[in-house]
Structure formats: structure tokens, C-alpha cells
Amino acid sequence: MGQWIELTSADGFALPAWQAAPAAAPRGAIVVLQEIFGVNSHIRAVVERFAAHGYWAIAPATFERVQGGVELGYDASAVATGAALKAQVEALAAPGVLADVQAAIDRAAQDSGCKVGIVGYCWGGLLAWRAACTLAGLSAAVPYYGGGMTGAAEAARQPRVPLMAHFGRYDKHIPVAGVQALAAAHPGIEVHLYDADHGFNCDQRGSYDAAAATLALERTLAFFDAHLT
């Protein structure tokens, strides 16, 4: 069962994070980065799922610098609210929320005593991509349908660690052509396309696709097993 803990970033900013530890000694540690809906019940369940697979897992509240305690559902109003909060965070002066992601990486390494990987969904996928390219202390990264990471500015970055990316073939927010261009620009990363839409991993969304989510999780766990254990 997970619990809330507090992280402190390098600039002294304090933020909550949902953390879960495995029943036995951890195989590794995983930082889980939220969608635009906060560290809600779905993200907490993702953290606990990784813990059930033997990983020390933590999800920092990456909206905390602009609004505390964000926990949204998935209706149209929540999408609008989450998009506005994301825009506020993206407008922060550098390093912005990446300082909080670094704090989660550091805490994961300290408390688990293991190598650290990172996984992110939607906006969290974009942040996971940026973390893999810019932050310290990671050994692997897995972005899921990271909105924006296939654009020219993001694709110009270079991951520092092994990276696997999951995308939906029917995702209107991330055209397949962009996914293919990203894969071509970075032949060293492992890119998977699924016959699914944006958000296919979230069982609280209408776009949930059980087959795609199951296969993506199997691949993600195998990837982390290879690079963190």
C-alpha cells in the first residue's frame, strides 16, 4: 500500500509524492510521472502496480509549483483544467518542474539503494523524455505517448540512457509520421506503435485499450528488468 511522502527540491521547494515499496528487497526503483490530471487514483495505482512487480516506486506531484493537491478525473472539464495547469508549469523558468523530477530520482536512489528508471504518461511522457536527456541518476526511461516529444525541438535532444517509447497509432495528438521521424532520428531507442488511441494505458479513460496496455506493460517491465536489476 502506498503513502504520501514529502520531497525537497534543490531550490528548497517542498512537494508531495506518492510512494510504494515492494514486499521484499526492491529489484530497482521507478519514478512515475503523471498525466495532466495530477497524482490521481490512476497514477497511484500505477505506482502500486510497479511495487507489486518488485520495484520501489514514487510519483512526484508535478503540478505542485502552480497548484497544490491536484486530483482530476477525465471528463472535458478536467482536460481543460489539466491543460491550463500544464501550460503554467511549462512557462516556469528553467529548470522548473524538472528540479522536482530530479528530487524524486534522488529520493528513489537513496531510499531503494538501487538503479533508477523513469516512466511517464502523456505530459509525464514528455517529462520522462526530457529527464532522460538532461537529468542525472537515471539508468532507463520509458515515455508513454509523450505529447510534444516528437516535435523538432524535443527530437533534437539526445537521451543519455536506454529508452523505450510507446505510442498509439490512432493518437490524433501525436501523428504516426512524427513517431516515425523520432525513431529515424534516434535509431538507438526502442519505439513501439499500438493499434490504440492516446491514453490507452489508463483504465479510467474511454481510450483505454486492455490489449495494448498489457503488452506495453510487459515490454516496460522487461526493459526495466534488463537495465535496473
# chains A, B, ... in the order shown; residues from 1 in each chain; ligands from 1
$ residues_around --residues "Ala78 in chain A" --least-positions-apart "5" --cutoff "8 Å" --atoms "only C-alpha atoms" --output "PyMOL selection string"
chain A and resi 37+72-73
$ write_last_selection --atoms "N, CA and C atoms" --output "PDB file, in the first residue's frame"
ATOM      1  N   PHE A  37      -3.540  15.152 -15.138  1.00  0.00           N
ATOM      2  CA  PHE A  37      -4.662  15.022 -14.210  1.00  0.00           C
ATOM      3  C   PHE A  37      -4.209  14.881 -12.751  1.00  0.00           C
ATOM      4  N   LEU A  72      -7.602  15.152 -10.633  1.00  0.00           N
ATOM      5  CA  LEU A  72      -8.684  15.332 -11.593  1.00  0.00           C
ATOM      6  C   LEU A  72      -9.165  14.003 -12.151  1.00  0.00           C
ATOM      7  N   GLY A  73     -10.386  14.034 -12.683  1.00  0.00           N
ATOM      8  CA  GLY A  73     -10.914  12.903 -13.438  1.00  0.00           C
ATOM      9  C   GLY A  73     -10.561  13.070 -14.905  1.00  0.00           C
TER      10      GLY A  73
END
$ closest_atom_pairs --of "range 18-52 of chain A" --to "range 122-140 of chain A" --cutoff "9 Å" --atoms "only C-alpha atoms" --output "tab-separated table"
residue	atom	partner	partner_atom	distance
A:Val32	CA	A:Gly124	CA	7.9
A:Leu33	CA	A:Gly124	CA	4.6
A:Gln34	CA	A:Gly124	CA	5.0
A:Glu35	CA	A:Cys122	CA	5.2
A:Ile36	CA	A:Trp123	CA	6.1
$ closest_residue --among "A:Ala183, A:Leu217, A:Cys202, A:Ile5" --to "Ile43 in chain A" --atoms "only C-alpha atoms"
A:Cys202
$ select_by_dssp --residues "range 52-119 of chain A" --states "alpha helix (DSSP H)" --output "PyMOL selection string"
chain A and resi 52+76-90+98-112
$ atom_distance --atom1 "CA of Ala155 in chain A" --atom2 "CA of His192 in chain A"
16.2 Å
$ residues_around --residues "Ala212 in chain A" --least-positions-apart "5" --cutoff "8 Å" --atoms "only C-alpha atoms" --output "PyMOL selection string"
chain A and resi 194-196+200-201
$ select_by_dssp --residues "range 31-216 of chain A" --states "strand (DSSP E or B)" --output "ChimeraX atom specification"
/A:31-33,38,55-60,71,116-121,140-144,163-168,190-194
$ closest_residue --among "A:Thr214, A:Thr220, A:Thr150, A:Gln158" --to "Val176 in chain A" --atoms "only C-alpha atoms"
A:Thr150
$ residues_around --residues "His198 in chain A" --least-positions-apart "3" --cutoff "10 Å" --atoms "only C-alpha atoms" --output "number ranges by chain"
A: 121-122, 144-147, 167-174, 201-202, 205-209
$ write_last_selection --atoms "C-alpha atoms" --output "PDB file, in the first residue's frame"
ATOM      1  CA  TYR A 121       2.305   9.100 -19.355  1.00  0.00           C
ATOM      2  CA  CYS A 122       1.024  11.870 -21.667  1.00  0.00           C
ATOM      3  CA  TYR A 144       4.169   6.593 -22.968  1.00  0.00           C
ATOM      4  CA  TYR A 145       2.584   8.797 -25.683  1.00  0.00           C
ATOM      5  CA  GLY A 146       4.632  11.798 -24.672  1.00  0.00           C
ATOM      6  CA  GLY A 147       2.832  14.765 -26.181  1.00  0.00           C
ATOM      7  CA  PHE A 167       2.656   5.373 -28.905  1.00  0.00           C
ATOM      8  CA  GLY A 168      -0.863   4.790 -30.186  1.00  0.00           C
ATOM      9  CA  ARG A 169      -1.348   4.526 -33.937  1.00  0.00           C
ATOM     10  CA  TYR A 170      -4.700   6.359 -33.716  1.00  0.00           C
ATOM     11  CA  ASP A 171      -3.478   9.162 -31.435  1.00  0.00           C
ATOM     12  CA  LYS A 172      -4.629  12.411 -33.054  1.00  0.00           C
ATOM     13  CA  HIS A 173      -2.315  14.400 -30.779  1.00  0.00           C
ATOM     14  CA  ILE A 174       0.827  12.551 -31.915  1.00  0.00           C
ATOM     15  CA  ASN A 201      -2.819   2.678 -20.678  1.00  0.00           C
ATOM     16  CA  CYS A 202      -5.360   4.361 -18.378  1.00  0.00           C
ATOM     17  CA  ARG A 205     -10.342   6.698 -19.783  1.00  0.00           C
ATOM     18  CA  GLY A 206     -12.605   5.890 -22.695  1.00  0.00           C
ATOM     19  CA  SER A 207      -9.485   5.350 -24.821  1.00  0.00           C
ATOM     20  CA  TYR A 208      -8.262   2.510 -22.595  1.00  0.00           C
ATOM     21  CA  ASP A 209      -7.129  -0.497 -24.610  1.00  0.00           C
TER      22      ASP A 209
END
$ closest_residue --among "A:His166, A:Ala14, A:Glu71, A:Arg65" --to "Leu215 in chain A" --atoms "only C-alpha atoms"
A:His166
